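Pasted below: run.pdb, PDB, C-alpha atoms.
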MODEL        1
ATOM      1  CA  MET A 271       3.971  -4.973  12.521
ATOM      2  CA  GLN A 272       0.770  -6.606  11.196
ATOM      3  CA  THR A 273       0.456 -10.358  10.702
ATOM      4  CA  ASP A 274      -3.182 -10.343   9.462
ATOM      5  CA  PRO A 275      -2.787 -11.636   5.864
ATOM      6  CA  LYS A 276      -5.207  -9.012   4.547
ATOM      7  CA  LEU A 277      -3.107  -6.235   5.987
ATOM      8  CA  VAL A 278       0.228  -7.882   5.208
ATOM      9  CA  ALA A 279      -0.803  -7.754   1.527
ATOM     10  CA  LEU A 280      -0.491  -3.969   1.754
ATOM     11  CA  ARG A 281       3.236  -4.340   2.312
ATOM     12  CA  ARG A 282       3.807  -5.927  -1.092
ATOM     13  CA  GLY A 283       5.740  -3.626  -3.314
ATOM     14  CA  LEU A 284       6.893  -1.471  -0.409
ATOM     15  CA  LEU A 285      10.374  -2.910   0.144
ATOM     16  CA  GLU A 286      11.853  -1.353  -2.968
ATOM     17  CA  PRO A 287      10.692   2.242  -2.353
ATOM     18  CA  LEU A 288      11.616   1.947   1.321
ATOM     19  CA  VAL A 289      15.153   0.890   0.401
ATOM     20  CA  LEU A 290      15.395   3.838  -1.990
ATOM     21  CA  ALA A 291      14.167   6.141   0.793
ATOM     22  CA  ALA A 292      16.710   4.673   3.216
ATOM     23  CA  VAL A 293      19.610   5.876   1.065
ATOM     24  CA  GLU A 294      18.055   9.146  -0.022
ATOM     25  CA  SER A 295      19.691  11.529   2.442
ATOM     26  CA  GLN A 296      22.756   9.529   3.381
ATOM     27  CA  GLN A 297      24.923   6.766   2.002
ATOM     28  CA  ARG A 298      24.351   3.501   3.815
ATOM     29  CA  TYR A 299      25.727  -0.007   3.565
ATOM     30  CA  ALA A 300      23.411  -3.012   3.490
ATOM     31  CA  ALA A 301      23.379  -3.748   7.211
ATOM     32  CA  GLU A 302      22.578  -0.092   7.929
ATOM     33  CA  ILE A 303      19.702  -0.146   5.434
ATOM     34  CA  LEU A 304      18.315  -3.265   7.099
ATOM     35  CA  ALA A 305      18.643  -1.655  10.530
ATOM     36  CA  ALA A 306      16.901   1.529   9.310
ATOM     37  CA  LEU A 307      13.984  -0.496   7.906
ATOM     38  CA  ARG A 308      13.587  -2.495  11.074
ATOM     39  CA  GLU A 309      13.949   0.524  13.317
ATOM     40  CA  ALA A 310      11.148   2.177  11.358
ATOM     41  CA  GLY A 311       9.045  -0.903  12.101
ATOM     42  CA  PHE A 312       9.239  -2.620   8.719
ATOM     43  CA  PRO A 313       9.979  -6.366   8.946
ATOM     44  CA  ALA A 314      12.613  -6.580   6.205
ATOM     45  CA  GLN A 315      14.501  -9.827   5.615
ATOM     46  CA  GLU A 316      18.213  -9.892   4.868
ATOM     47  CA  GLY A 317      17.582 -12.561   2.227
ATOM     48  CA  ALA A 318      15.299 -10.168   0.329
ATOM     49  CA  LEU A 319      17.455  -7.072   0.723
ATOM     50  CA  TYR A 320      20.671  -8.277  -0.909
ATOM     51  CA  PRO A 321      19.166  -9.394  -4.228
ATOM     52  CA  LEU A 322      17.056  -6.239  -4.284
ATOM     53  CA  LEU A 323      20.146  -4.034  -3.920
ATOM     54  CA  SER A 324      21.742  -5.830  -6.886
ATOM     55  CA  LYS A 325      18.583  -5.380  -8.906
ATOM     56  CA  LEU A 326      18.316  -1.692  -8.042
ATOM     57  CA  ARG A 327      21.878  -1.252  -9.170
ATOM     58  CA  ARG A 328      21.271  -3.071 -12.467
ATOM     59  CA  ASP A 329      18.178  -0.897 -12.970
ATOM     60  CA  GLY A 330      20.318   2.190 -12.448
ATOM     61  CA  LEU A 331      18.388   3.385  -9.395
ATOM     62  CA  VAL A 332      21.265   3.161  -6.907
ATOM     63  CA  HIS A 333      25.013   3.152  -7.178
ATOM     64  CA  HIS A 334      27.601   2.282  -4.570
ATOM     65  CA  GLU A 335      31.128   3.097  -3.629
ATOM     66  CA  TRP A 336      33.511   0.976  -1.635
ATOM     67  CA  ARG A 337      34.789   2.406   1.614
ATOM     68  CA  GLU A 338      37.220   1.098   4.161
ATOM     69  CA  SER A 339      35.638  -0.254   7.317
ATOM     70  CA  PRO A 340      37.165   0.416  10.749
ATOM     71  CA  SER A 341      36.669  -3.308  11.337
ATOM     72  CA  GLY A 342      36.662  -6.053   8.738
ATOM     73  CA  PRO A 343      36.517  -5.812   4.932
ATOM     74  CA  PRO A 344      35.536  -2.700   2.897
ATOM     75  CA  ARG A 345      31.839  -1.924   2.620
ATOM     76  CA  LYS A 346      29.589  -0.942  -0.263
ATOM     77  CA  TYR A 347      27.904   2.367   0.520
ATOM     78  CA  PHE A 348      24.743   2.868  -1.506
ATOM     79  CA  SER A 349      23.181   6.116  -2.661
ATOM     80  CA  LEU A 350      20.497   7.162  -5.150
ATOM     81  CA  THR A 351      21.103   7.953  -8.776
ATOM     82  CA  ASP A 352      18.994  10.646 -10.456
ATOM     83  CA  ALA A 353      16.764   7.867 -11.811
ATOM     84  CA  GLY A 354      16.431   6.519  -8.247
ATOM     85  CA  ARG A 355      15.364   9.956  -7.003
ATOM     86  CA  GLY A 356      12.787  10.105  -9.767
ATOM     87  CA  GLN A 357      11.420   6.666  -8.887
ATOM     88  CA  LEU A 358      11.200   7.562  -5.206
ATOM     89  CA  ALA A 359       9.376  10.811  -6.001
ATOM     90  CA  ALA A 360       6.925   8.896  -8.224
ATOM     91  CA  PHE A 361       6.342   6.413  -5.409
ATOM     92  CA  ARG A 362       5.713   9.167  -2.848
ATOM     93  CA  GLY A 363       3.320  10.944  -5.177
ATOM     94  CA  TYR A 364       1.419   7.724  -5.756
ATOM     95  CA  TRP A 365       1.279   6.860  -2.065
ATOM     96  CA  ASP A 366      -0.214  10.301  -1.378
ATOM     97  CA  GLU A 367      -2.746   9.690  -4.126
ATOM     98  CA  LEU A 368      -3.777   6.348  -2.567
ATOM     99  CA  THR A 369      -3.967   7.979   0.864
ATOM    100  CA  HIS A 370      -6.279  10.601  -0.598
ATOM    101  CA  VAL A 371      -8.523   7.871  -2.043
ATOM    102  CA  ILE A 372      -8.650   6.123   1.344
ATOM    103  CA  GLU A 373      -9.515   9.331   3.147
ATOM    104  CA  THR A 374     -12.200  10.532   0.755
ATOM    105  CA  ILE A 375     -13.944   7.394  -0.457
ATOM    106  CA  GLY A 376     -16.529   7.080   2.303
ATOM    107  CA  ARG A 377     -17.264  10.759   2.777
TER
ATOM    108  CA  MET B 211      -4.089   6.242 -11.905
ATOM    109  CA  GLN B 212      -0.629   4.629 -12.166
ATOM    110  CA  THR B 213       0.206   1.991 -14.764
ATOM    111  CA  ASP B 214       3.878   1.490 -13.763
ATOM    112  CA  PRO B 215       3.882  -2.159 -12.551
ATOM    113  CA  LYS B 216       6.028  -1.276  -9.539
ATOM    114  CA  LEU B 217       3.489   1.274  -8.401
ATOM    115  CA  VAL B 218       0.462  -0.768  -9.417
ATOM    116  CA  ALA B 219       1.687  -3.433  -6.962
ATOM    117  CA  LEU B 220       0.892  -0.990  -4.170
ATOM    118  CA  ARG B 221      -2.792  -1.257  -5.025
ATOM    119  CA  ARG B 222      -2.932  -4.953  -4.196
ATOM    120  CA  GLY B 223      -5.003  -5.552  -1.131
ATOM    121  CA  LEU B 224      -6.618  -2.119  -1.332
ATOM    122  CA  LEU B 225      -9.899  -3.005  -3.022
ATOM    123  CA  GLU B 226     -11.361  -4.687   0.050
ATOM    124  CA  PRO B 227     -10.712  -1.861   2.540
ATOM    125  CA  LEU B 228     -11.834   0.712  -0.026
ATOM    126  CA  VAL B 229     -15.134  -1.113  -0.500
ATOM    127  CA  LEU B 230     -15.601  -1.217   3.270
ATOM    128  CA  ALA B 231     -14.859   2.521   3.412
ATOM    129  CA  ALA B 232     -17.338   3.189   0.599
ATOM    130  CA  VAL B 233     -20.233   1.864   2.695
ATOM    131  CA  GLU B 234     -19.052   3.217   6.024
ATOM    132  CA  SER B 235     -21.131   6.384   6.236
ATOM    133  CA  GLN B 236     -23.972   5.513   3.907
ATOM    134  CA  GLN B 237     -25.653   2.458   2.477
ATOM    135  CA  ARG B 238     -24.797   1.967  -1.166
ATOM    136  CA  TYR B 239     -25.682  -0.550  -3.831
ATOM    137  CA  ALA B 240     -22.994  -2.135  -5.982
ATOM    138  CA  ALA B 241     -23.111   0.329  -8.872
ATOM    139  CA  GLU B 242     -22.831   3.215  -6.408
ATOM    140  CA  ILE B 243     -19.820   1.601  -4.719
ATOM    141  CA  LEU B 244     -18.152   1.177  -8.098
ATOM    142  CA  ALA B 245     -18.907   4.803  -8.995
ATOM    143  CA  ALA B 246     -17.504   6.010  -5.644
ATOM    144  CA  LEU B 247     -14.271   4.052  -6.169
ATOM    145  CA  ARG B 248     -13.821   5.362  -9.679
ATOM    146  CA  GLU B 249     -14.719   8.913  -8.720
ATOM    147  CA  ALA B 250     -12.021   8.773  -6.051
ATOM    148  CA  GLY B 251      -9.597   7.728  -8.796
ATOM    149  CA  PHE B 252      -9.358   4.010  -8.039
ATOM    150  CA  PRO B 253      -9.630   1.813 -11.176
ATOM    151  CA  ALA B 254     -12.042  -0.812  -9.801
ATOM    152  CA  GLN B 255     -13.444  -3.497 -12.101
ATOM    153  CA  GLU B 256     -17.062  -4.589 -11.903
ATOM    154  CA  GLY B 257     -15.921  -8.214 -12.300
ATOM    155  CA  ALA B 258     -13.855  -7.935  -9.122
ATOM    156  CA  LEU B 259     -16.412  -6.027  -7.078
ATOM    157  CA  TYR B 260     -19.323  -8.433  -7.208
ATOM    158  CA  PRO B 261     -17.472 -11.540  -5.927
ATOM    159  CA  LEU B 262     -15.800  -9.359  -3.280
ATOM    160  CA  LEU B 263     -19.155  -8.129  -1.992
ATOM    161  CA  SER B 264     -20.322 -11.765  -1.668
ATOM    162  CA  LYS B 265     -17.130 -12.653   0.151
ATOM    163  CA  LEU B 266     -17.394  -9.691   2.515
ATOM    164  CA  ARG B 267     -20.915 -10.762   3.335
ATOM    165  CA  ARG B 268     -19.870 -14.373   3.989
ATOM    166  CA  ASP B 269     -17.066 -13.040   6.200
ATOM    167  CA  GLY B 270     -19.619 -11.025   8.153
ATOM    168  CA  LEU B 271     -18.039  -7.659   7.318
ATOM    169  CA  VAL B 272     -21.009  -6.220   5.422
ATOM    170  CA  HIS B 273     -24.707  -6.929   5.326
ATOM    171  CA  HIS B 274     -27.326  -5.758   2.893
ATOM    172  CA  GLU B 275     -30.978  -4.978   2.716
ATOM    173  CA  TRP B 276     -33.189  -5.003  -0.323
ATOM    174  CA  ARG B 277     -34.817  -1.763  -1.290
ATOM    175  CA  GLU B 278     -37.230  -0.853  -4.039
ATOM    176  CA  SER B 279     -35.695   0.967  -6.946
ATOM    177  CA  PRO B 280     -37.507   3.865  -8.627
ATOM    178  CA  SER B 281     -36.599   2.130 -11.881
ATOM    179  CA  GLY B 282     -36.047  -1.579 -12.447
ATOM    180  CA  PRO B 283     -35.708  -4.402  -9.889
ATOM    181  CA  PRO B 284     -35.011  -3.947  -6.144
ATOM    182  CA  ARG B 285     -31.426  -3.233  -5.128
ATOM    183  CA  LYS B 286     -29.145  -4.619  -2.441
ATOM    184  CA  TYR B 287     -27.943  -1.766  -0.242
ATOM    185  CA  PHE B 288     -24.755  -2.636   1.618
ATOM    186  CA  SER B 289     -23.554  -1.361   4.968
ATOM    187  CA  LEU B 290     -20.876  -2.315   7.495
ATOM    188  CA  THR B 291     -21.351  -4.744  10.341
ATOM    189  CA  ASP B 292     -19.503  -4.146  13.613
ATOM    190  CA  ALA B 293     -16.844  -6.603  12.409
ATOM    191  CA  GLY B 294     -16.561  -4.596   9.176
ATOM    192  CA  ARG B 295     -16.042  -1.392  11.148
ATOM    193  CA  GLY B 296     -13.338  -3.131  13.157
ATOM    194  CA  GLN B 297     -11.607  -4.361  10.015
ATOM    195  CA  LEU B 298     -11.729  -0.906   8.440
ATOM    196  CA  ALA B 299     -10.302   0.686  11.578
ATOM    197  CA  ALA B 300      -7.479  -1.890  11.616
ATOM    198  CA  PHE B 301      -6.751  -1.132   7.969
ATOM    199  CA  ARG B 302      -6.653   2.630   8.561
ATOM    200  CA  GLY B 303      -4.372   2.193  11.543
ATOM    201  CA  TYR B 304      -2.019   0.036   9.531
ATOM    202  CA  TRP B 305      -2.027   2.405   6.565
ATOM    203  CA  ASP B 306      -1.040   5.241   8.925
ATOM    204  CA  GLU B 307       1.724   3.038  10.303
ATOM    205  CA  LEU B 308       3.079   2.367   6.800
ATOM    206  CA  THR B 309       2.841   6.063   5.946
ATOM    207  CA  HIS B 310       4.879   6.811   9.053
ATOM    208  CA  VAL B 311       7.548   4.312   7.948
ATOM    209  CA  ILE B 312       7.683   5.915   4.488
ATOM    210  CA  GLU B 313       7.999   9.385   5.935
ATOM    211  CA  THR B 314      10.655   8.607   8.530
ATOM    212  CA  ILE B 315      12.870   5.977   6.912
ATOM    213  CA  GLY B 316      15.281   8.278   5.153
ATOM    214  CA  ARG B 317      15.547  10.938   7.806
TER
ENDMDL
END

Show how you would write the structure in this file as C-alpha cells.
Amino acid sequence: MQTDPKLVALRRGLLEPLVLAAVESQQRYAAEILAALREAGFPAQEGALYPLLSKLRRDGLVHHEWRESPSGPPRKYFSLTDAGRGQLAAFRGYWDELTHVIETIGR
Amino acid sequence: MQTDPKLVALRRGLLEPLVLAAVESQQRYAAEILAALREAGFPAQEGALYPLLSKLRRDGLVHHEWRESPSGPPRKYFSLTDAGRGQLAAFRGYWDELTHVIETIGR
C-alpha cells in the first residue's frame, strides 16, 4: 500500500473502523483480525491492534468471549456490540459521503 | 458534515486532493474553489485554502493566470499542471483501494 506521506495521511482514523468491520460478520481473535486487515491490503501493526481492541472494549463497541484453542491457550473471540454496529454504520455512511464529494467536486 | 472526532479524522489529508479536483476540469479562482468545496459538503476554511494554494503552486501541482474581473481587481485563476494531474490520479487510485479494503474486510 501507499508510502507517499500525502496519501498515507488518508489512512489515519481508518484502523478503528476496519477492525470493527473485521468482526462484523464473524467472531475473530486478534491474530485473525490482523491477518484479515493485511490480506485486504491494509498495513496494520500488531502493536497498534492490541491496545485498540482494549479501547474498543472499554468504549463498548466490541465484546469478546474466551474459547478453547486446538493448540495453546484459550483465545479471545471478538464481535460487535449494538453500539459497535452503529459506529460502523456511521463510518460507512460518512465514507460514502466523502466519496461523493471526491467524485463530484470537479464536475 | 460530521462532527464526531473519530469521523472527522477521516477528513485529514483530503483538502489538498479536493482542491486539485476542484480545478481539474475548469480554471477557478480561490473564492470559487472554496464555494465548490462547500457546495459539495466539505467544510473548508478560507484560512486553510490560501496557504494551501501557495504551497500547491510551489510544489508545481497548480499554476495560475491573472484575469480581469468584471468587478474589482484581477483574479488568479488556478488550473492543474501535469504533475497535479498525476497527483490527483494517484489520490483517486488510492481512495478506490481504501474503499475496496472497507468493502471487503468483513466478508

Write out chain B, as a compact mmCIF listing (two decimals) with C-alpha atoms, keeping the file's coordinate frame, after superposing it onto chain A by least squares using every C-alpha atom paired in order.
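Generated file (part.txt):
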# COMPACT_ATOMS: atom_id res chain seq x y z
CA MET B 211 3.98 -4.97 12.52
CA GLN B 212 0.78 -6.60 11.20
CA THR B 213 0.46 -10.35 10.70
CA ASP B 214 -3.17 -10.35 9.46
CA PRO B 215 -2.78 -11.63 5.85
CA LYS B 216 -5.21 -9.01 4.54
CA LEU B 217 -3.09 -6.24 5.99
CA VAL B 218 0.23 -7.88 5.21
CA ALA B 219 -0.79 -7.75 1.53
CA LEU B 220 -0.49 -3.97 1.75
CA ARG B 221 3.24 -4.33 2.31
CA ARG B 222 3.80 -5.92 -1.09
CA GLY B 223 5.74 -3.62 -3.33
CA LEU B 224 6.91 -1.47 -0.42
CA LEU B 225 10.37 -2.91 0.15
CA GLU B 226 11.85 -1.35 -2.98
CA PRO B 227 10.68 2.24 -2.36
CA LEU B 228 11.62 1.95 1.32
CA VAL B 229 15.15 0.89 0.39
CA LEU B 230 15.39 3.83 -2.00
CA ALA B 231 14.17 6.13 0.79
CA ALA B 232 16.71 4.66 3.21
CA VAL B 233 19.61 5.86 1.06
CA GLU B 234 18.06 9.14 -0.02
CA SER B 235 19.70 11.50 2.45
CA GLN B 236 22.77 9.52 3.40
CA GLN B 237 24.91 6.75 2.00
CA ARG B 238 24.36 3.49 3.82
CA TYR B 239 25.73 -0.01 3.56
CA ALA B 240 23.40 -3.01 3.49
CA ALA B 241 23.38 -3.75 7.21
CA GLU B 242 22.58 -0.10 7.93
CA ILE B 243 19.70 -0.15 5.43
CA LEU B 244 18.32 -3.26 7.09
CA ALA B 245 18.65 -1.66 10.52
CA ALA B 246 16.90 1.52 9.30
CA LEU B 247 13.98 -0.50 7.89
CA ARG B 248 13.59 -2.51 11.06
CA GLU B 249 13.96 0.52 13.30
CA ALA B 250 11.14 2.18 11.37
CA GLY B 251 9.05 -0.92 12.10
CA PHE B 252 9.24 -2.63 8.71
CA PRO B 253 9.99 -6.38 8.95
CA ALA B 254 12.63 -6.60 6.20
CA GLN B 255 14.51 -9.85 5.62
CA GLU B 256 18.22 -9.90 4.87
CA GLY B 257 17.59 -12.57 2.21
CA ALA B 258 15.31 -10.18 0.33
CA LEU B 259 17.46 -7.09 0.71
CA TYR B 260 20.66 -8.28 -0.91
CA PRO B 261 19.15 -9.41 -4.25
CA LEU B 262 17.05 -6.23 -4.29
CA LEU B 263 20.13 -4.04 -3.91
CA SER B 264 21.74 -5.85 -6.89
CA LYS B 265 18.58 -5.38 -8.91
CA LEU B 266 18.31 -1.69 -8.04
CA ARG B 267 21.88 -1.25 -9.17
CA ARG B 268 21.27 -3.08 -12.46
CA ASP B 269 18.19 -0.90 -12.97
CA GLY B 270 20.33 2.19 -12.44
CA LEU B 271 18.38 3.38 -9.39
CA VAL B 272 21.26 3.16 -6.90
CA HIS B 273 25.01 3.13 -7.17
CA HIS B 274 27.61 2.28 -4.58
CA GLU B 275 31.13 3.09 -3.63
CA TRP B 276 33.51 0.99 -1.62
CA ARG B 277 34.76 2.42 1.61
CA GLU B 278 37.21 1.13 4.18
CA SER B 279 35.63 -0.23 7.31
CA PRO B 280 37.16 0.46 10.73
CA SER B 281 36.69 -3.26 11.34
CA GLY B 282 36.65 -6.04 8.76
CA PRO B 283 36.52 -5.80 4.94
CA PRO B 284 35.54 -2.69 2.93
CA ARG B 285 31.84 -1.92 2.63
CA LYS B 286 29.59 -0.96 -0.26
CA TYR B 287 27.90 2.35 0.53
CA PHE B 288 24.74 2.86 -1.51
CA SER B 289 23.17 6.10 -2.66
CA LEU B 290 20.49 7.15 -5.15
CA THR B 291 21.10 7.95 -8.78
CA ASP B 292 18.99 10.64 -10.46
CA ALA B 293 16.75 7.86 -11.80
CA GLY B 294 16.41 6.51 -8.24
CA ARG B 295 15.36 9.94 -6.99
CA GLY B 296 12.78 10.11 -9.77
CA GLN B 297 11.42 6.67 -8.89
CA LEU B 298 11.20 7.57 -5.21
CA ALA B 299 9.38 10.81 -6.00
CA ALA B 300 6.92 8.90 -8.21
CA PHE B 301 6.33 6.42 -5.40
CA ARG B 302 5.71 9.16 -2.84
CA GLY B 303 3.32 10.93 -5.17
CA TYR B 304 1.40 7.74 -5.76
CA TRP B 305 1.28 6.87 -2.07
CA ASP B 306 -0.21 10.32 -1.37
CA GLU B 307 -2.74 9.69 -4.13
CA LEU B 308 -3.78 6.37 -2.56
CA THR B 309 -3.97 7.99 0.87
CA HIS B 310 -6.28 10.61 -0.60
CA VAL B 311 -8.52 7.88 -2.04
CA ILE B 312 -8.65 6.13 1.35
CA GLU B 313 -9.50 9.34 3.15
CA THR B 314 -12.19 10.55 0.76
CA ILE B 315 -13.94 7.39 -0.43
CA GLY B 316 -16.52 7.11 2.31
CA ARG B 317 -17.29 10.77 2.73

**OP:** Find the residues near range 353-359 of chain A: any atom within 8 Å, counting only C-alpha atoms, skip ones fewer than 5 places away on the same chain, and give them as a list in words.
**Re:** Pro287, Leu290, Ala291, Glu294, Gly330, Leu331 and Val332 of chain A

**OP:** Please write the residues picked by the PyMOL selection byres ((chain B) within 8 of (chain A)) on this file as a PyMOL selection string.
**Re:** chain B and resi 212+216-217+219-224+228+231-236+246-247+250-252+301+304+311-312+314-317

Original post:
Neighbours of Gly317 in chain A within 12 Å (all atoms listed in the file; same-chain residues fewer than 3 positions away dropped), as a PyMOL selection string?
Top reply: chain A and resi 300-301+304+313-314+320-323

Subject >> Explicit residue set for the PyMOL selection byres ((chain A and resi 298) around 6), as a PyMOL selection string >> reply: chain A and resi 293+297+299+302+347-348

Original post:
Separation of CA of Leu285 in chain A and CA of Arg337 in chain A, in Å?
Top reply: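 Going from CA of Leu285 in chain A over to CA of Arg337 in chain A, I get 25.0 Å.
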
Original post:
Just how far from CA of Glu335 in chain A is CA of Thr351 in chain A, in Å to one decimal?
Top reply: 12.3 Å

**OP:** Quote the spacing between CA of Arg268 in chain B and CA of Ser289 in chain B in Å to one decimal place.
**Re:** 13.6 Å
